[in-house]
>>> print(open('protein-v9.pdb').read())   # PDB, C-alpha atoms
ATOM      1  CA  TYR A   9      -6.551  -2.842   7.501  1.00  0.00           C
ATOM      2  CA  ARG A  10      -4.804   0.405   8.437  1.00  0.00           C
ATOM      3  CA  LEU A  11      -1.628   1.934   7.150  1.00  0.00           C
ATOM      4  CA  ASP A  12      -1.996   5.287   8.845  1.00  0.00           C
ATOM      5  CA  THR A  13      -0.529   4.516  12.248  1.00  0.00           C
ATOM      6  CA  LEU A  14       2.978   4.117  13.560  1.00  0.00           C
ATOM      7  CA  ALA A  15       1.977   3.791  17.191  1.00  0.00           C
ATOM      8  CA  ALA A  16       0.512   0.284  16.968  1.00  0.00           C
ATOM      9  CA  PRO A  17       0.906  -2.880  14.889  1.00  0.00           C
ATOM     10  CA  VAL A  18      -0.805  -2.735  11.533  1.00  0.00           C
ATOM     11  CA  TYR A  19      -3.087  -5.636  10.630  1.00  0.00           C
ATOM     12  CA  TRP A  20      -5.030  -6.683   7.566  1.00  0.00           C
ATOM     13  CA  ASP A  21      -7.121  -9.843   7.375  1.00  0.00           C
ATOM     14  CA  GLU A  22      -5.478 -11.010  10.609  1.00  0.00           C
ATOM     15  CA  ARG A  23      -2.040 -10.453   9.021  1.00  0.00           C
ATOM     16  CA  ASP A  24       0.803  -8.249  10.126  1.00  0.00           C
ATOM     17  CA  VAL A  25       1.524  -5.710   7.413  1.00  0.00           C
ATOM     18  CA  ALA A  26       3.745  -2.681   7.107  1.00  0.00           C
ATOM     19  CA  GLY A  27       3.867   0.046   4.515  1.00  0.00           C
ATOM     20  CA  LYS A  28       5.998   2.843   3.150  1.00  0.00           C
ATOM     21  CA  THR A  29       4.946   5.744   0.973  1.00  0.00           C
ATOM     22  CA  GLY A  30       7.075   7.884  -1.280  1.00  0.00           C
ATOM     23  CA  THR A  31       6.857  10.941  -3.492  1.00  0.00           C
ATOM     24  CA  THR A  32       9.460  12.001  -6.045  1.00  0.00           C
ATOM     25  CA  GLU A  33      10.811  15.502  -6.491  1.00  0.00           C
ATOM     26  CA  GLU A  34       8.357  17.920  -8.043  1.00  0.00           C
ATOM     27  CA  ASN A  35       5.547  15.486  -7.174  1.00  0.00           C
ATOM     28  CA  LYS A  36       5.791  13.604 -10.476  1.00  0.00           C
ATOM     29  CA  ASP A  37       5.471  10.099  -9.026  1.00  0.00           C
ATOM     30  CA  VAL A  38       4.005   8.535  -5.901  1.00  0.00           C
ATOM     31  CA  LEU A  39       4.404   5.003  -4.572  1.00  0.00           C
ATOM     32  CA  LEU A  40       3.113   2.794  -1.833  1.00  0.00           C
ATOM     33  CA  VAL A  41       4.793  -0.430  -0.749  1.00  0.00           C
ATOM     34  CA  VAL A  42       2.858  -2.817   1.500  1.00  0.00           C
ATOM     35  CA  TYR A  43       4.576  -5.908   2.829  1.00  0.00           C
ATOM     36  CA  SER A  44       4.274  -8.751   5.291  1.00  0.00           C
ATOM     37  CA  PRO A  45       6.315 -11.882   5.940  1.00  0.00           C
ATOM     38  CA  ASP A  46       4.267 -13.537   3.144  1.00  0.00           C
ATOM     39  CA  PHE A  47       3.974 -10.946   0.346  1.00  0.00           C
ATOM     40  CA  VAL A  48       5.083  -7.605  -1.076  1.00  0.00           C
ATOM     41  CA  THR A  49       2.839  -5.259  -3.058  1.00  0.00           C
ATOM     42  CA  LEU A  50       3.995  -2.092  -4.803  1.00  0.00           C
ATOM     43  CA  ALA A  51       1.680   0.533  -6.267  1.00  0.00           C
ATOM     44  CA  TRP A  52       2.863   3.438  -8.425  1.00  0.00           C
ATOM     45  CA  GLY A  53       1.000   6.501  -9.621  1.00  0.00           C
ATOM     46  CA  GLY A  54       1.956   9.297 -11.966  1.00  0.00           C
ATOM     47  CA  ASN A  55       1.221  10.933 -15.297  1.00  0.00           C
ATOM     48  CA  ASN A  56       2.485   9.234 -18.440  1.00  0.00           C
ATOM     49  CA  ASN A  57       3.662  12.611 -19.805  1.00  0.00           C
ATOM     50  CA  ASN A  58       5.873  13.354 -16.762  1.00  0.00           C
ATOM     51  CA  ASP A  59       3.679  16.246 -15.586  1.00  0.00           C
ATOM     52  CA  PRO A  60       3.450  16.758 -11.817  1.00  0.00           C
ATOM     53  CA  ILE A  61       0.501  15.264  -9.990  1.00  0.00           C
ATOM     54  CA  ASN A  62      -2.028  17.611  -8.377  1.00  0.00           C
ATOM     55  CA  GLN A  63      -0.256  19.028  -5.326  1.00  0.00           C
ATOM     56  CA  TYR A  64      -3.385  18.783  -3.167  1.00  0.00           C
ATOM     57  CA  LEU A  65      -4.631  15.347  -4.239  1.00  0.00           C
ATOM     58  CA  GLY A  66      -1.431  13.658  -5.393  1.00  0.00           C
ATOM     59  CA  TRP A  67      -0.458  11.808  -2.240  1.00  0.00           C
ATOM     60  CA  PRO A  68       0.070   8.037  -1.969  1.00  0.00           C
ATOM     61  CA  GLY A  69      -2.583   7.644   0.699  1.00  0.00           C
ATOM     62  CA  TYR A  70      -5.148   9.435  -1.433  1.00  0.00           C
ATOM     63  CA  LEU A  71      -4.259   8.072  -4.884  1.00  0.00           C
ATOM     64  CA  LEU A  72      -2.957   4.590  -4.166  1.00  0.00           C
ATOM     65  CA  ALA A  73      -4.289   3.352  -0.822  1.00  0.00           C
ATOM     66  CA  PRO A  74      -7.856   2.730  -2.108  1.00  0.00           C
ATOM     67  CA  TRP A  75      -6.524   0.667  -5.030  1.00  0.00           C
ATOM     68  CA  VAL A  76      -4.130  -1.295  -2.796  1.00  0.00           C
ATOM     69  CA  ARG A  77      -6.886  -1.886  -0.230  1.00  0.00           C
ATOM     70  CA  ASN A  78      -9.148  -3.390  -2.915  1.00  0.00           C
ATOM     71  CA  TYR A  79      -6.311  -5.423  -4.409  1.00  0.00           C
ATOM     72  CA  MET A  80      -5.340  -6.866  -1.029  1.00  0.00           C
ATOM     73  CA  ARG A  81      -8.984  -7.617  -0.198  1.00  0.00           C
ATOM     74  CA  ASP A  82      -9.309  -9.552  -3.446  1.00  0.00           C
ATOM     75  CA  LEU A  83      -5.960 -11.260  -2.913  1.00  0.00           C
ATOM     76  CA  GLY A  84      -7.048 -12.337   0.568  1.00  0.00           C
ATOM     77  CA  ASN A  85      -9.976 -14.197  -0.966  1.00  0.00           C
ATOM     78  CA  VAL A  86      -7.718 -16.416  -3.084  1.00  0.00           C
ATOM     79  CA  GLY A  87      -7.559 -19.936  -1.658  1.00  0.00           C
ATOM     80  CA  TRP A  88      -3.803 -20.439  -1.992  1.00  0.00           C
ATOM     81  CA  PHE A  89      -3.100 -17.210  -0.087  1.00  0.00           C
ATOM     82  CA  ASN A  90      -3.921 -18.482   3.372  1.00  0.00           C
ATOM     83  CA  GLN A  91      -0.613 -18.265   5.227  1.00  0.00           C
ATOM     84  CA  LYS A  92      -0.701 -15.487   7.824  1.00  0.00           C
ATOM     85  CA  SER A  93       2.807 -15.250   9.254  1.00  0.00           C
ATOM     86  CA  ARG A  94       3.646 -12.715  11.929  1.00  0.00           C
ATOM     87  CA  PHE A  95       6.638 -10.411  11.903  1.00  0.00           C
ATOM     88  CA  ASN A  96       9.321 -11.830  14.148  1.00  0.00           C
ATOM     89  CA  PHE A  97      11.585  -9.073  15.466  1.00  0.00           C
TER      90      PHE A  97
END
>>> encode(input="protein-v9.pdb", output="structure tokens")
Amino acid sequence: YRLDTLAAPVYWDERDVAGKTGTTEENKDVLLVVYSPDFVTLAWGGNNNNDPINQYLGWPGYLLAPWVRNYMRDLGNVGWFNQKSRFNF
């Protein structure tokens, strides 16, 4: 499972996955979208009082990727989630 490369296909649990990160103006919100032909997952991070996130640690890969990695690992262990379609470009 890697989302830090654009030079090669990204795989997780033998699945093709792609991802997109985002940060709002003034670093108040961050998001990470991970998708495949079989699912979409969106993670959001921010402060509930609209304060900016730490400018050094408030990046999607740092804040959200560990949570999404654990979530997708747990999701991959669910019996009904066994389809592993490939992207077809």
>>> atom_distance(input="protein-v9.pdb", atom1="CA of Gly66 in chain A", atom2="CA of Asp46 in chain A")
29.1 Å
>>> residues_around(input="protein-v9.pdb", residues="Thr49 in chain A", least_positions_apart="4", cutoff="9 Å", atoms="only C-alpha atoms", output="PyMOL selection string")
chain A and resi 40-43+76+80
>>> closest_residue(input="protein-v9.pdb", among="A:Leu83, A:Lys92, A:Asp37, A:Thr31", to="Asn57 in chain A", atoms="all atoms listed in the file")
A:Asp37
>>> residues_around(input="protein-v9.pdb", residues="Ala73 in chain A", least_positions_apart="4", cutoff="10 Å", atoms="all atoms listed in the file", output="list in words")
Arg10, Leu11, Thr29, Leu39, Leu40, Val41, Val42, Ala51, Trp67, Pro68, Gly69, Arg77, Asn78 and Tyr79 of chain A
>>> write_last_selection(input="protein-v9.pdb", atoms="C-alpha atoms", output="PDB file, in the frame of the given file")
ATOM      1  CA  ARG A  10      -4.804   0.405   8.437  1.00  0.00           C
ATOM      2  CA  LEU A  11      -1.628   1.934   7.150  1.00  0.00           C
ATOM      3  CA  THR A  29       4.946   5.744   0.973  1.00  0.00           C
ATOM      4  CA  LEU A  39       4.404   5.003  -4.572  1.00  0.00           C
ATOM      5  CA  LEU A  40       3.113   2.794  -1.833  1.00  0.00           C
ATOM      6  CA  VAL A  41       4.793  -0.430  -0.749  1.00  0.00           C
ATOM      7  CA  VAL A  42       2.858  -2.817   1.500  1.00  0.00           C
ATOM      8  CA  ALA A  51       1.680   0.533  -6.267  1.00  0.00           C
ATOM      9  CA  TRP A  67      -0.458  11.808  -2.240  1.00  0.00           C
ATOM     10  CA  PRO A  68       0.070   8.037  -1.969  1.00  0.00           C
ATOM     11  CA  GLY A  69      -2.583   7.644   0.699  1.00  0.00           C
ATOM     12  CA  ARG A  77      -6.886  -1.886  -0.230  1.00  0.00           C
ATOM     13  CA  ASN A  78      -9.148  -3.390  -2.915  1.00  0.00           C
ATOM     14  CA  TYR A  79      -6.311  -5.423  -4.409  1.00  0.00           C
TER      15      TYR A  79
END
>>> atom_distance(input="protein-v9.pdb", atom1="CA of Glu22 in chain A", atom2="CA of Pro45 in chain A")
12.7 Å
>>> resolve_selection(input="protein-v9.pdb", expression="the PyMOL selection byres ((chain A and resi 23) around 8)", output="ChimeraX atom specification")
/A:19-22,24-25,44,92-94
>>> atom_distance(input="protein-v9.pdb", atom1="CA of Phe47 in chain A", atom2="CA of Trp88 in chain A")
12.5 Å
>>> axis_aligned_box(input="protein-v9.pdb", around="range 23-30 of chain A", padding_each_side="8 Å", output="JSON")
{"center_x": 2.5, "center_y": -1.3, "center_z": 4.4, "size_x": 25.1, "size_y": 34.3, "size_z": 27.4}
>>> closest_residue(input="protein-v9.pdb", among="A:Phe97, A:Gly84, A:Val38, A:Ala26", to="Gln63 in chain A", atoms="all atoms listed in the file")
A:Val38
>>> build_atoms(input="protein-v9.pdb", residues="range 56-72 of chain A", atoms="N, CA and C atoms", output="compact mmCIF listing (two decimals), in the coordinates of the input")
# COMPACT_ATOMS: atom_id res chain seq x y z
N ASN A 56 1.63 9.84 -17.42
CA ASN A 56 2.48 9.23 -18.44
C ASN A 56 3.22 10.27 -19.29
N ASN A 57 2.94 11.56 -19.07
CA ASN A 57 3.66 12.61 -19.80
C ASN A 57 4.66 13.35 -18.91
N ASN A 58 4.90 12.82 -17.71
CA ASN A 58 5.87 13.35 -16.76
C ASN A 58 5.44 14.68 -16.14
N ASP A 59 4.18 15.06 -16.27
CA ASP A 59 3.68 16.25 -15.59
C ASP A 59 3.53 15.96 -14.10
N PRO A 60 3.68 16.96 -13.26
CA PRO A 60 3.45 16.76 -11.82
C PRO A 60 2.00 16.37 -11.54
N ILE A 61 1.82 15.65 -10.46
CA ILE A 61 0.50 15.26 -9.99
C ILE A 61 -0.07 16.45 -9.21
N ASN A 62 -1.38 16.56 -9.14
CA ASN A 62 -2.03 17.61 -8.38
C ASN A 62 -1.42 17.70 -6.98
N GLN A 63 -0.95 18.89 -6.60
CA GLN A 63 -0.26 19.03 -5.33
C GLN A 63 -1.16 18.83 -4.11
N TYR A 64 -2.46 18.96 -4.28
CA TYR A 64 -3.38 18.78 -3.17
C TYR A 64 -3.95 17.37 -3.09
N LEU A 65 -4.03 16.68 -4.22
CA LEU A 65 -4.63 15.35 -4.24
C LEU A 65 -3.63 14.26 -4.60
N GLY A 66 -2.41 14.62 -4.91
CA GLY A 66 -1.43 13.66 -5.39
C GLY A 66 -0.58 13.04 -4.32
N TRP A 67 -1.19 12.45 -3.32
CA TRP A 67 -0.46 11.81 -2.24
C TRP A 67 -0.74 10.31 -2.27
N PRO A 68 0.26 9.49 -1.90
CA PRO A 68 0.07 8.04 -1.97
C PRO A 68 -1.17 7.55 -1.23
N GLY A 69 -1.42 8.09 -0.05
CA GLY A 69 -2.58 7.64 0.70
C GLY A 69 -3.90 7.96 0.02
N TYR A 70 -3.93 9.02 -0.74
CA TYR A 70 -5.15 9.44 -1.43
C TYR A 70 -5.29 8.73 -2.78
N LEU A 71 -4.20 8.67 -3.55
CA LEU A 71 -4.26 8.07 -4.88
C LEU A 71 -4.18 6.55 -4.87
N LEU A 72 -3.29 6.01 -4.06
CA LEU A 72 -2.96 4.59 -4.17
C LEU A 72 -3.59 3.70 -3.11
